[in-house]
Amino acid sequence: MKIITVDDSATMRRIIKNSLKAIGYNDVIEAEHGQVGLAKIQNEGVDFVITDWSMPVMTGLELVHALRQNPLTKALPILMVTAVGQKEEIVQAVGAGLNGYIVKPFEAETLHQKMQQVLGKA
């Protein structure tokens with residue numbers, strides 16, 4: 001399974017990538033904001049998206065909207081990993097078509113459990 005992690009923090013992308021490797025996912029690409037992420041998703045094809053919310057250029061929420069509007073990516077599983085944890089924001093993100101939500105900081109096992117849940121394997 002090819003996964004993209006979209007986050008403006010290189011440190012957070014590394015943490016997510018290392019967490020994914022720890023749970024057996026090695027095919028991981030990165031993007032520093034939603035616009036780059038969207039281009040990589042469309043050009044390289046991915047099976048799972050992990051995105052932050054707060055990023056310059058294109059936010060994670062804008063990325064979710066863009067993916068859901070495209071027939072080729074509308075069913076792509078999307079997990080948001082973010083420091084934004086207010087109930088209103090979570091409701092807004094889920095309403096936009098998000099499949100799952102994790103509030104930072106998190107453990108690799110939490111990421112694994114949430115991915116399994118999103119993929120219908122939990």
# chains A, B, ... in the order shown; residues from 1 in each chain; ligands from 1

call {"tool": "residues_around", "arguments": {"residues": "segment 55-57 of chain A", "least_positions_apart": "4", "cutoff": "10 Å", "atoms": "only C-alpha atoms", "output": "VMD selection string"}}
result
chain A and resid 6 to 9 32 to 36 51 61 to 62

call {"tool": "write_last_selection", "arguments": {"atoms": "C-alpha atoms", "output": "PDB file, in the first residue's frame"}}
result
ATOM      1  CA  VAL A   6       1.179  15.699   3.948  1.00  0.00           C
ATOM      2  CA  ASP A   7       2.479  18.060   6.635  1.00  0.00           C
ATOM      3  CA  ASP A   8       4.349  21.370   6.576  1.00  0.00           C
ATOM      4  CA  SER A   9       6.616  20.118   9.379  1.00  0.00           C
ATOM      5  CA  GLU A  32       5.020  19.762   2.500  1.00  0.00           C
ATOM      6  CA  HIS A  33       1.518  21.151   1.923  1.00  0.00           C
ATOM      7  CA  GLY A  34      -1.791  20.240   0.329  1.00  0.00           C
ATOM      8  CA  GLN A  35      -1.042  21.601  -3.136  1.00  0.00           C
ATOM      9  CA  VAL A  36       2.115  19.475  -3.486  1.00  0.00           C
ATOM     10  CA  THR A  51      -2.655  14.899   6.243  1.00  0.00           C
ATOM     11  CA  LEU A  61      -9.264  20.529   4.847  1.00  0.00           C
ATOM     12  CA  GLU A  62      -8.886  22.085   1.375  1.00  0.00           C
TER      13      GLU A  62
END

call {"tool": "closest_residue", "arguments": {"among": "A:Ile90, A:Ala22, A:Ile16, A:Met1", "to": "Pro77 of chain A", "atoms": "only C-alpha atoms"}}
result
A:Met1

call {"tool": "select_by_dssp", "arguments": {"residues": "segment 43-72 of chain A", "states": "alpha helix (DSSP H)", "output": "PDB file with N, CA and C atoms, in the first residue's frame"}}
result
ATOM      1  N   ASN A  43      -0.490  12.417  -9.690  1.00  0.00           N
ATOM      2  CA  ASN A  43       0.554  11.968 -10.614  1.00  0.00           C
ATOM      3  C   ASN A  43       1.150  10.612 -10.263  1.00  0.00           C
ATOM      4  N   GLU A  44       1.282  10.334  -8.980  1.00  0.00           N
ATOM      5  CA  GLU A  44       1.961   9.102  -8.557  1.00  0.00           C
ATOM      6  C   GLU A  44       0.991   8.027  -8.085  1.00  0.00           C
ATOM      7  N   GLY A  60      -5.096  21.085   4.976  1.00  0.00           N
ATOM      8  CA  GLY A  60      -5.554  19.704   4.901  1.00  0.00           C
ATOM      9  C   GLY A  60      -7.037  19.607   4.575  1.00  0.00           C
ATOM     10  N   LEU A  61      -7.830  20.530   5.123  1.00  0.00           N
ATOM     11  CA  LEU A  61      -9.264  20.529   4.847  1.00  0.00           C
ATOM     12  C   LEU A  61      -9.520  20.835   3.366  1.00  0.00           C
ATOM     13  N   GLU A  62      -8.768  21.780   2.808  1.00  0.00           N
ATOM     14  CA  GLU A  62      -8.886  22.085   1.375  1.00  0.00           C
ATOM     15  C   GLU A  62      -8.469  20.885   0.530  1.00  0.00           C
ATOM     16  N   LEU A  63      -7.454  20.164   0.988  1.00  0.00           N
ATOM     17  CA  LEU A  63      -7.009  18.950   0.295  1.00  0.00           C
ATOM     18  C   LEU A  63      -8.122  17.903   0.292  1.00  0.00           C
ATOM     19  N   VAL A  64      -8.758  17.712   1.440  1.00  0.00           N
ATOM     20  CA  VAL A  64      -9.866  16.755   1.538  1.00  0.00           C
ATOM     21  C   VAL A  64     -10.969  17.138   0.551  1.00  0.00           C
ATOM     22  N   HIS A  65     -11.338  18.428   0.519  1.00  0.00           N
ATOM     23  CA  HIS A  65     -12.371  18.890  -0.416  1.00  0.00           C
ATOM     24  C   HIS A  65     -11.969  18.595  -1.861  1.00  0.00           C
ATOM     25  N   ALA A  66     -10.723  18.906  -2.228  1.00  0.00           N
ATOM     26  CA  ALA A  66     -10.251  18.690  -3.600  1.00  0.00           C
ATOM     27  C   ALA A  66     -10.284  17.209  -3.967  1.00  0.00           C
ATOM     28  N   LEU A  67      -9.871  16.344  -3.046  1.00  0.00           N
ATOM     29  CA  LEU A  67      -9.865  14.905  -3.323  1.00  0.00           C
ATOM     30  C   LEU A  67     -11.284  14.366  -3.467  1.00  0.00           C
ATOM     31  N   ARG A  68     -12.199  14.844  -2.650  1.00  0.00           N
ATOM     32  CA  ARG A  68     -13.577  14.350  -2.686  1.00  0.00           C
ATOM     33  C   ARG A  68     -14.337  14.831  -3.929  1.00  0.00           C
ATOM     34  N   GLN A  69     -13.890  15.925  -4.522  1.00  0.00           N
ATOM     35  CA  GLN A  69     -14.561  16.452  -5.718  1.00  0.00           C
ATOM     36  C   GLN A  69     -14.108  15.754  -6.993  1.00  0.00           C
TER      37      GLN A  69
END

call {"tool": "closest_residue", "arguments": {"among": "A:Asp47, A:Val81, A:Leu119, A:Asn26", "to": "Glu107 of chain A", "atoms": "only C-alpha atoms"}}
result
A:Val81

call {"tool": "residues_around", "arguments": {"residues": "Thr5 of chain A", "least_positions_apart": "5", "cutoff": "12 Å", "atoms": "only C-alpha atoms", "output": "ChimeraX atom specification"}}
result
/A:10-20,27-34,36-38,40-41,46-53,60,78-82

call {"tool": "closest_residue", "arguments": {"among": "A:Ala75, A:Val91, A:Ala96, A:Ala83", "to": "Val118 of chain A", "atoms": "only C-alpha atoms"}}
result
A:Ala75
